[in-house]
Amino acid sequence: MAISAKITLTTAGGNTGPFDLYSNPISQYNSGSLFASSITRSDLLLGYTSDVVPDSTTVIRCKSNNGTCTNYQDFSLILPTLTPTPTKTLTPTPTPTGYKYFLLLDRCDFAPGTETGWTLNSYTINQITYGEIFATAGGFFSVVINSSLTDMGGIIEGSKNTSGYTRCEDTPNHYVAATYRTAKFKNLMRFSGYTSYTQIKNGMCGKNVPQIYTSPGVTQIFSTAYADPSVTGTTLTPGVLYELYKDNIDGSPKWTDSGNYWWGAQVYGSSGIIDYIVRIEGGTITEWRDCTTGELIYV
């Protein structure tokens with residue numbers, strides 16, 4: 001014969017599983033007492049029901065079985081007690097509306113792994129489970145990463161998510177990792193008195209930075225203009241306006257300098273001389289010209 005039992009892990013590390021289930025009274029919980037194997041971590045966190053537990057079992061051992069973790073946890077098997085049919089009508093005892101339940105949360109708008117501390121809430125066990133989205137005051141959302149019926153000293157009151165979100169990525173203002181740009185300008189230089197393409201071309205094209213920098217009226221911006229990684233000087237796309245930024249993190253302030261000018265440009269990976277003349281207006285490159293050919297690369 002066999003009996004049915006539900007085994008639930010309240011917490012399990014990310015490196016655990018799959019799990020094997022053993023029964024006593026075989027004292028060493030060896031292969032002879034194995035009655036279920038390869039049970040997934042997620043199934044046990046949700047509650048796994050087995051209908052093949054040996055009827056003599058009083059303790060079930062749940063053991064992780066992989067190359068890095070062989071930890072286990074023992075569960076005492078509680079068998080139902082048969083109650084005689086009453087001879088008269090009994091008044092049922094009211095079901096409790098809830099009892100204190102503590103959750104450990106990870107804020108969805110923070111980087112993953114940023115715990116917000118334990119929260120104290122009036123929910124019964126299994127009403128909110130591992131991995132569910134939880135709403136707190138101020139419109140913030142978190143994911144449940146642990147739970148306990150023991151007083152954990154939580155202070156944040158919240159509620160179950162009722163907006164249909166099933167993961168942090170679905171919630172408003174969720175965390176998005178920064179995208180880094182690549183610095184592509186080794187030098188941007190201009191003559192303050194030059195206003196035309198021809199003037200700046202004749203004054204800069206084919207010259208190295210020290211030659212230009214010794215001339216009066218030169219403004220040099222060195223390694224402070226960042227752009228999209230496609231700005232290499234050889235893979236420019238016609239019709240695309242390339243914007244410049246003050247640092248290499250996506251969303252950083254635009255680099256605007258002090259007006260709209262022609263600049264001599266030296267890009268990373270190119271030669272040691274000024275090889276492009278560019279028109280920058282309000283932090284956007286509106287025109288590129290090749291110093292060697294004088295041809296317009298794009299407008």
# chains A, B, ... in the order shown; residues from 1 in each chain; ligands from 1
call {"tool": "residues_around", "arguments": {"residues": "region 1-5 of chain A", "least_positions_apart": "2", "cutoff": "7 Å", "atoms": "only C-alpha atoms", "output": "PyMOL selection string"}}
result
chain A and resi 7+49-55
call {"tool": "select_by_dssp", "arguments": {"residues": "region 166-238 of chain A", "states": "strand (DSSP E)", "output": "number ranges by chain"}}
result
A: 185-191, 218-222
call {"tool": "residues_around", "arguments": {"residues": "Ser196 (chain A)", "least_positions_apart": "6", "cutoff": "12 Å", "atoms": "only C-alpha atoms", "output": "NGL selection string"}}
result
:A and (190 or 202-203 or 260-264 or 277-279)
call {"tool": "residues_around", "arguments": {"residues": "region 272-275 of chain A", "least_positions_apart": "3", "cutoff": "9 Å", "atoms": "only C-alpha atoms", "output": "list in words"}}
result
Asn187, Leu188, Met189, Met204, Cys205, Gly206, Lys207, Asn208, Val209, Gly233, Gly264, Ala265, Gln266, Val267, Arg289, Asp290, Cys291 and Thr292 of chain A
call {"tool": "write_last_selection", "arguments": {"atoms": "N, CA and C atoms", "output": "short mmCIF file (atom, residue, chain, number, x, y, z; two decimals), in the first residue's frame"}}
result
data_model
loop_
_atom_site.label_atom_id
_atom_site.label_comp_id
_atom_site.auth_asym_id
_atom_site.auth_seq_id
_atom_site.Cartn_x
_atom_site.Cartn_y
_atom_site.Cartn_z
N ASN A 187 39.60 63.71 -30.50
CA ASN A 187 39.71 65.16 -30.43
C ASN A 187 38.61 65.80 -31.26
N LEU A 188 38.06 66.89 -30.74
CA LEU A 188 37.21 67.80 -31.50
C LEU A 188 37.82 69.18 -31.33
N MET A 189 38.14 69.86 -32.46
CA MET A 189 38.84 71.14 -32.37
C MET A 189 38.21 72.12 -33.35
N MET A 204 42.68 72.88 -40.76
CA MET A 204 42.84 71.67 -39.94
C MET A 204 43.11 70.39 -40.71
N CYS A 205 42.52 70.20 -41.85
CA CYS A 205 42.61 68.91 -42.54
C CYS A 205 44.06 68.49 -42.78
N GLY A 206 44.37 67.25 -42.43
CA GLY A 206 45.69 66.68 -42.66
C GLY A 206 46.73 67.08 -41.65
N LYS A 207 46.35 67.88 -40.66
CA LYS A 207 47.31 68.31 -39.65
C LYS A 207 47.12 67.51 -38.37
N ASN A 208 48.23 67.38 -37.62
CA ASN A 208 48.10 66.67 -36.36
C ASN A 208 47.71 67.64 -35.25
N VAL A 209 47.31 67.10 -34.12
CA VAL A 209 46.78 67.92 -33.05
C VAL A 209 47.79 68.94 -32.53
N GLY A 233 33.59 56.66 -37.99
CA GLY A 233 34.21 57.41 -39.05
C GLY A 233 34.22 56.67 -40.37
N GLY A 264 36.98 70.31 -36.48
CA GLY A 264 37.87 69.28 -36.98
C GLY A 264 37.75 68.09 -36.05
N ALA A 265 37.57 66.88 -36.61
CA ALA A 265 37.31 65.70 -35.79
C ALA A 265 38.36 64.63 -36.02
N GLN A 266 38.78 64.03 -34.91
CA GLN A 266 39.70 62.90 -34.95
C GLN A 266 39.03 61.78 -34.15
N VAL A 267 38.70 60.68 -34.82
CA VAL A 267 37.96 59.60 -34.15
C VAL A 267 38.92 58.52 -33.70
N ARG A 289 32.16 65.65 -43.45
CA ARG A 289 32.94 65.72 -44.70
C ARG A 289 34.29 65.06 -44.47
N ASP A 290 34.75 64.33 -45.46
CA ASP A 290 36.02 63.62 -45.39
C ASP A 290 37.14 64.57 -45.79
N CYS A 291 38.16 64.71 -44.93
CA CYS A 291 39.27 65.62 -45.22
C CYS A 291 40.05 65.21 -46.46
N THR A 292 40.17 63.91 -46.69
CA THR A 292 40.99 63.43 -47.79
C THR A 292 40.34 63.74 -49.14
#
call {"tool": "atom_distance", "arguments": {"atom1": "CA of Ile39 (chain A)", "atom2": "CA of Thr68 (chain A)"}}
result
16.6 Å
call {"tool": "residues_around", "arguments": {"residues": "Thr70 (chain A)", "least_positions_apart": "3", "cutoff": "9 Å", "atoms": "only C-alpha atoms", "output": "number ranges by chain"}}
result
A: 16-17, 19, 63-67
call {"tool": "write_last_selection", "arguments": {"atoms": "N, CA and C atoms", "output": "JSON list (two decimals), in the first residue's frame"}}
result
[["chain", "number", "residue", "atom", "x", "y", "z"],
["A", 16, "THR", "N", 20.13, 24.72, -5.75],
["A", 16, "THR", "CA", 19.63, 23.43, -5.30],
["A", 16, "THR", "C", 18.78, 22.76, -6.37],
["A", 17, "GLY", "N", 18.59, 21.44, -6.21],
["A", 17, "GLY", "CA", 17.72, 20.69, -7.11],
["A", 17, "GLY", "C", 18.49, 20.07, -8.26],
["A", 19, "PHE", "N", 15.54, 17.26, -6.72],
["A", 19, "PHE", "CA", 15.48, 16.65, -5.41],
["A", 19, "PHE", "C", 15.00, 15.19, -5.50],
["A", 63, "LYS", "N", 16.08, 15.65, -0.48],
["A", 63, "LYS", "CA", 17.53, 15.84, -0.62],
["A", 63, "LYS", "C", 17.87, 16.37, -2.00],
["A", 64, "SER", "N", 18.64, 17.49, -2.05],
["A", 64, "SER", "CA", 19.12, 18.03, -3.32],
["A", 64, "SER", "C", 20.15, 17.07, -3.91],
["A", 65, "ASN", "N", 20.09, 16.87, -5.19],
["A", 65, "ASN", "CA", 20.97, 15.89, -5.83],
["A", 65, "ASN", "C", 21.61, 16.49, -7.07],
["A", 66, "ASN", "N", 22.69, 17.27, -6.84],
["A", 66, "ASN", "CA", 23.47, 17.75, -7.99],
["A", 66, "ASN", "C", 24.93, 17.83, -7.57],
["A", 67, "GLY", "N", 25.78, 18.25, -8.49],
["A", 67, "GLY", "CA", 27.22, 18.21, -8.24],
["A", 67, "GLY", "C", 27.70, 19.23, -7.24]]
call {"tool": "residues_around", "arguments": {"residues": "Asn146 (chain A)", "least_positions_apart": "6", "cutoff": "10 Å", "atoms": "only C-alpha atoms", "output": "list in words"}}
result
Thr10, Thr11, Ala12, Phe102, Leu103, Leu104, Leu105, Asp106, Trp118, Thr129, Tyr130 and Gly131 of chain A
call {"tool": "atom_distance", "arguments": {"atom1": "CA of Leu120 (chain A)", "atom2": "CA of Gly139 (chain A)"}}
result
17.3 Å
call {"tool": "select_by_dssp", "arguments": {"residues": "region 201-231 of chain A", "states": "alpha helix (DSSP H)", "output": "ChimeraX atom specification"}}
result
/A:201-204,209-213
call {"tool": "residues_around", "arguments": {"residues": "region 161-176 of chain A", "least_positions_apart": "4", "cutoff": "8 Å", "atoms": "only C-alpha atoms", "output": "PyMOL selection string"}}
result
chain A and resi 108-111+131-135+141-143
call {"tool": "closest_residue", "arguments": {"among": "A:Lys254, A:Lys186, A:Arg61, A:Lys246", "to": "Gln220 (chain A)", "atoms": "only C-alpha atoms"}}
result
A:Lys186
call {"tool": "closest_residue", "arguments": {"among": "A:Ser252, A:Thr114, A:Gln211, A:Ser147", "to": "Leu9 (chain A)", "atoms": "only C-alpha atoms"}}
result
A:Ser147
call {"tool": "atom_distance", "arguments": {"atom1": "CA of Tyr48 (chain A)", "atom2": "CA of Phe35 (chain A)"}}
result
13.4 Å
